[in-house]
Amino acid sequence: MNHAAHNRLVAFIWSIADDCLRDVYVRGKYRDVILPMVVLRRLDTLLEPTKEAVLEEVKYQKSEMGATELDDGPLREASGYVFYNTSKWTLQKLYDTATNNRQILLANVEEYLSGFSDNVKEIIERFKLLDQMRHMASKDVLLDVLEKFISPKINLTPFDKEDPDGNKLPALSNLGMGYVFEELIRKFNEENNEEAGEHFTPREVIHLMTHLIFDPLKDHLPPVMTIYDPACGSGGMLTESQNYIIDPEGAIRASGDVYLFGKEINDETYAICKSDMMIKGNNPENIKVGSTLSTDEFAGRRFDFMLSNPPYGKSWASEQKFIKDGNDVIDSRFKVELTDYWGKKELCDATPRSSDGQLLFLMEMVGKMKPVGDSPTGSRLASVHNGSSLFSGDAGSGESNIRRYIIENDFLDTIIQLPNNLFYNTGITTYIWLLTNAKPNHRKGKVQLIDSNLLYRKLRKNLGDKNCEFAPEHIDEITKAYLNFAPIKRELDENGDPKGIAVQVFDNEDLGYHKVTIERPDRRRAAFSAERLATLRFDKSLREPMEQLWEDHGEKVYGSGFLKENSKAILTWCEDHGISLNAKARDKLLDTKYWQQLRYLMERGITLMANIGTDETADYNAFQAKVDRTLKDEKIKLSAAEKGAILNAVSWYDETAEKVISKNLEMSSRDLDELTDHLGCALNDLADFGYFKQPNGNYVTYEANADLRDAESIPLKGDIHEFFLAEVKPYVEEAWINLDSVKIGYEISFNKYFYHHKPMRKLEEVATDILALEQRADGLIADILGLETTAREAAE
């Protein structure tokens with residue numbers, strides 16, 4: 001369907017809402033009637049030609065066979081589809097026989113709707129269509145709506161028709177239905193001041209995806225093909241993929257069977273998708289409704305091809321309880337096995353931040369790839385994403401782990417950057433990810449990046465946010481670049497600006513990096529004082545409310561029952577002062593024993609101060625040793641955490657103080673050999689890894705200062721130690737590499753790889769332009785700024 005026909009159909013359907021529903025529904029509710037009626041009329045027109053055959057079959061089964069329950073098979077055969085209607089009614093007949101009695105009309109409509117096969121009844125229930133019919137009947141507009149939808153001036157069927165004047169009415173394909181649906185949703189939401197729905201995929205983007213998925217296998221496609229979309233919407237990607245494969249005039253012309261599978265969470269789009277599966281003769285039972293992330297509907301299946309445009313920038317917090325229990329991932333789809341820096345395999349979290357679930361859909365598809373052992377062509381998938389999938393999440397995060405798993409298993413084939421404003425409901429940059437587990441030999445271990453951001457033609461009229469599109473030649477150019485698998489340098493126009501397509505090919509390792517922590521020693525001064533020890537009376541995270549309680553009530557806070565009796569007033573005070581407390585913090589604040597533990601800790605600090613004194617020292621190591629001796633001599637029992645709390649309270653960082661020693665190590669030659677082998681360094685390089693040799697031959701390690709800690713991202717192909725010596729050591733002499741902290745991450749930066757630097761214009765050119773502007777302004781600029789002489793001299 002071309003743009004003109006699409007616009008005419010949308011305008012006609014919109015006029016139904018405006019003409020018939022204006023006084024019955026608020027504008028934001030028009031969709032509740034219009035969308036299901038479009039689907040119903042679509043099904044109704046297809047069943048009209050075989051209505052008599054179906055009724056004959058019903059009569060035969062009841063009278064001749066004496067059936068109490070009708071047999072589906074013969075009824076489907078009679079209708080010519082996988083659905084049917086056993087009532088005597090069609091929408092046309094309902095209208096033609098209607099009287100002024102709205103109760104009779106509604107009774108006939110209910111009989112009509114109840115006559116559908118179960119698969120259509122489910123669609124009717126999803127749309128709550130019977131309720132809408134009853135409401136329209138009660139408002140005396142039902143007949144008007146029926147009249148509009150049976151109009152011969154619109155064609156909601158998948159076949160070409162003519163109107164009464166002989167004008168051609170183009171067929172409404174599944175994808176065309178999706179376009180109409182998207183446009184109507186956009187209009188409804190604009191009227192209701194709501195944001196648009198999910199990002200419907202433009203036809204040309206789907207065409208590009210089908211070329212990229214199927215063209216490499218066009219001569220050896222599997223004889224039976226399964227196609228899956230985990231966020232199938234109205235089913236456009238599925239049916240367009242099927243059409244591309246079986247098109248008798250297309251490049252592939254496959255003769256094998258094609259089976260479509262999908263899942264959709266939105267009831268409206270699910271109903272549209274399922275109805276179209278029935279119309280096209282596909283199995284509607286393969287389309288499931290519900291959240292793909294919450295339930296693994298196709299857990300036992302693997303698919304040959306997968307295409308999807310999952311929602312991005314959308315929270316999956318409501319589904320989180322099905323995927324994670326606290327920090328533990330409980331859904332095996334979102335756990336991956338990775339190898340750490342030391343070669344140890346471990347199961348890792350492959351879930352992104354809860355605010356954006358698009359990568360979960362990618363993992364859903366990756367988990368449903370066919371093993372190459374089961375199918376020589378394996379699986380191929382294409383998925384549309386925004387930019388966050390390329391780089392969000394640091395090394396070790398769920399997002400990075402997903403990218404790492406895909407790349408290290410050599411699944412990532414190509415990523416294509418698309419033009420901005422190519423989609424209807426978003427102007428942001430989007431990307432097509434192409435994955436396969438059966439790369440040809442020349443593509444193994446490689447990732448191709450294609451920048452087609454500048455490859456588009458402008459639309460004459462915007463469609464929502466969409467102001468451009470791919471022309472057929474653009475799709476051909478991108479497909480050719482993909483298949484050629486060779487770098488293409490960006491061309492420049494006459495102004496030196498980039499144009500056209502650009503391609504780069506990378507080794508998998510080029511996209512990865514080591515995240516390495518660089519440490520610096522802690523240097524501390526220390527001294528006991530009553531003021532410093534007083535801070536131990538309060539929990540740092542609850543300091544404000546605890547200080548207030550102590551100031552107001554003093555020793556009463558330690559009394560049995562005081563906090564509990566005053567809990568309501570305490571929590572109200574916190575709320576009034578904007579202090580938000582979770583359940584754990586509330587329990588701590590109101591726990592008398594916890595208050596007593598903190599007081600005990602402060603008192604032990606006071607005891608230590610009485611024995612050690614209040615002299616300040618720059619040697620924290622000696623200070624700590626003195627504290628340890630005193631604890632032993634005074635038989636004061638403290639846990640390591642309690643002792644650390646006291647020491648932290650009475651010490652502070654000072655760059656002029658001595659380094660704080662963590663461990664003194666006596667190491668044999670065997671110990672040193674094992675250590676240098678583990679670190680991959682020479683004996684003389686141990687200091688670069690945090691092991692410092694002392695005059696007595698021993699080694700010490702120092703405590704690291706968290707505030708001075710830094711991190712470096714070092715390419716996987718680079719050497720960590722060499723990078724440290726070149727980029728860190730010359731500037732921070734005391735630093736060392738914390739090799740045990742190393743994490744492996746992956747990210748893909750199109751901006752970095754395809755950035756084009758445009759040199760600044762020469763001063764003479766700028767001055768000439770300024771002169772020309774100044775002259776056009778009759779010398780006004782020069783008069784104001786006094787620049788005439790300077791500018792002329794610069795130009796000369």
# chains A, B, ... in the order shown; residues from 1 in each chain; ligands from 1
call {"tool": "residues_around", "arguments": {"residues": "segment 609-623 of chain A", "least_positions_apart": "3", "cutoff": "10 Å", "atoms": "only C-alpha atoms", "output": "PyMOL selection string"}}
result
chain A and resi 522-530+533+603-606+626-628+630-631+634+647+650-662
call {"tool": "write_last_selection", "arguments": {"atoms": "C-alpha atoms", "output": "short mmCIF file (atom, residue, chain, number, x, y, z; two decimals), in the first residue's frame"}}
result
data_model
loop_
_atom_site.label_atom_id
_atom_site.label_comp_id
_atom_site.auth_asym_id
_atom_site.auth_seq_id
_atom_site.Cartn_x
_atom_site.Cartn_y
_atom_site.Cartn_z
CA ASP A 522 47.16 5.06 52.20
CA ARG A 523 49.12 7.52 54.38
CA ARG A 524 47.57 8.35 57.73
CA ARG A 525 48.03 10.46 60.81
CA ALA A 526 46.37 9.39 64.05
CA ALA A 527 45.54 10.74 67.50
CA PHE A 528 42.95 9.94 70.12
CA SER A 529 40.58 12.68 71.19
CA ALA A 530 37.22 12.71 72.95
CA LEU A 533 35.66 9.13 69.64
CA GLU A 603 33.70 3.50 75.69
CA ARG A 604 36.38 1.04 74.60
CA GLY A 605 37.90 3.85 72.54
CA ILE A 606 37.96 6.07 75.62
CA LYS A 626 50.37 0.36 70.20
CA VAL A 627 46.59 -0.09 70.05
CA ASP A 628 47.01 -3.86 69.57
CA THR A 630 46.94 -2.10 74.75
CA LEU A 631 43.96 -4.26 73.77
CA GLU A 634 43.86 -4.50 79.08
CA LEU A 647 41.02 3.30 64.23
CA VAL A 650 40.87 8.61 65.16
CA SER A 651 42.93 8.68 61.93
CA TRP A 652 42.89 10.64 58.69
CA TYR A 653 44.71 10.79 55.36
CA ASP A 654 47.80 12.97 55.14
CA GLU A 655 50.10 12.76 52.14
CA THR A 656 53.11 13.62 54.35
CA ALA A 657 52.48 10.69 56.70
CA GLU A 658 54.03 7.23 56.51
CA LYS A 659 52.53 4.62 54.22
CA VAL A 660 50.17 2.24 55.99
CA ILE A 661 51.51 -1.31 55.85
CA SER A 662 49.02 -4.08 55.11
#
call {"tool": "residues_around", "arguments": {"residues": "Phe562 of chain A", "least_positions_apart": "5", "cutoff": "10 Å", "atoms": "only C-alpha atoms", "output": "VMD selection string"}}
result
chain A and resid 553 556 to 557 567 590 to 592
call {"tool": "closest_atom_pairs", "arguments": {"of": "segment 496-578 of chain A", "to": "segment 694-701 of chain A", "cutoff": "12 Å", "atoms": "only C-alpha atoms", "output": "CSV"}}
result
residue,atom,partner,partner_atom,distance
A:Glu519,CA,A:Thr701,CA,11.3
A:Arg520,CA,A:Thr701,CA,11.1
A:Pro521,CA,A:Thr701,CA,9.0
A:Asp522,CA,A:Thr701,CA,11.0
call {"tool": "residues_around", "arguments": {"residues": "Val58 of chain A", "least_positions_apart": "2", "cutoff": "9 Å", "atoms": "only C-alpha atoms", "output": "list in words"}}
result
Ala53, Val54, Leu55, Glu56, Tyr60, Gln61, Lys62, Ser63, Leu70, Asp71, Leu75 and Thr86 of chain A
call {"tool": "select_by_dssp", "arguments": {"residues": "segment 434-575 of chain A", "states": "strand (DSSP E)", "output": "ChimeraX atom specification"}}
result
/A:434-436,446-451,457-463,466-469,491-492,498-499,502-507,512-519,524-526
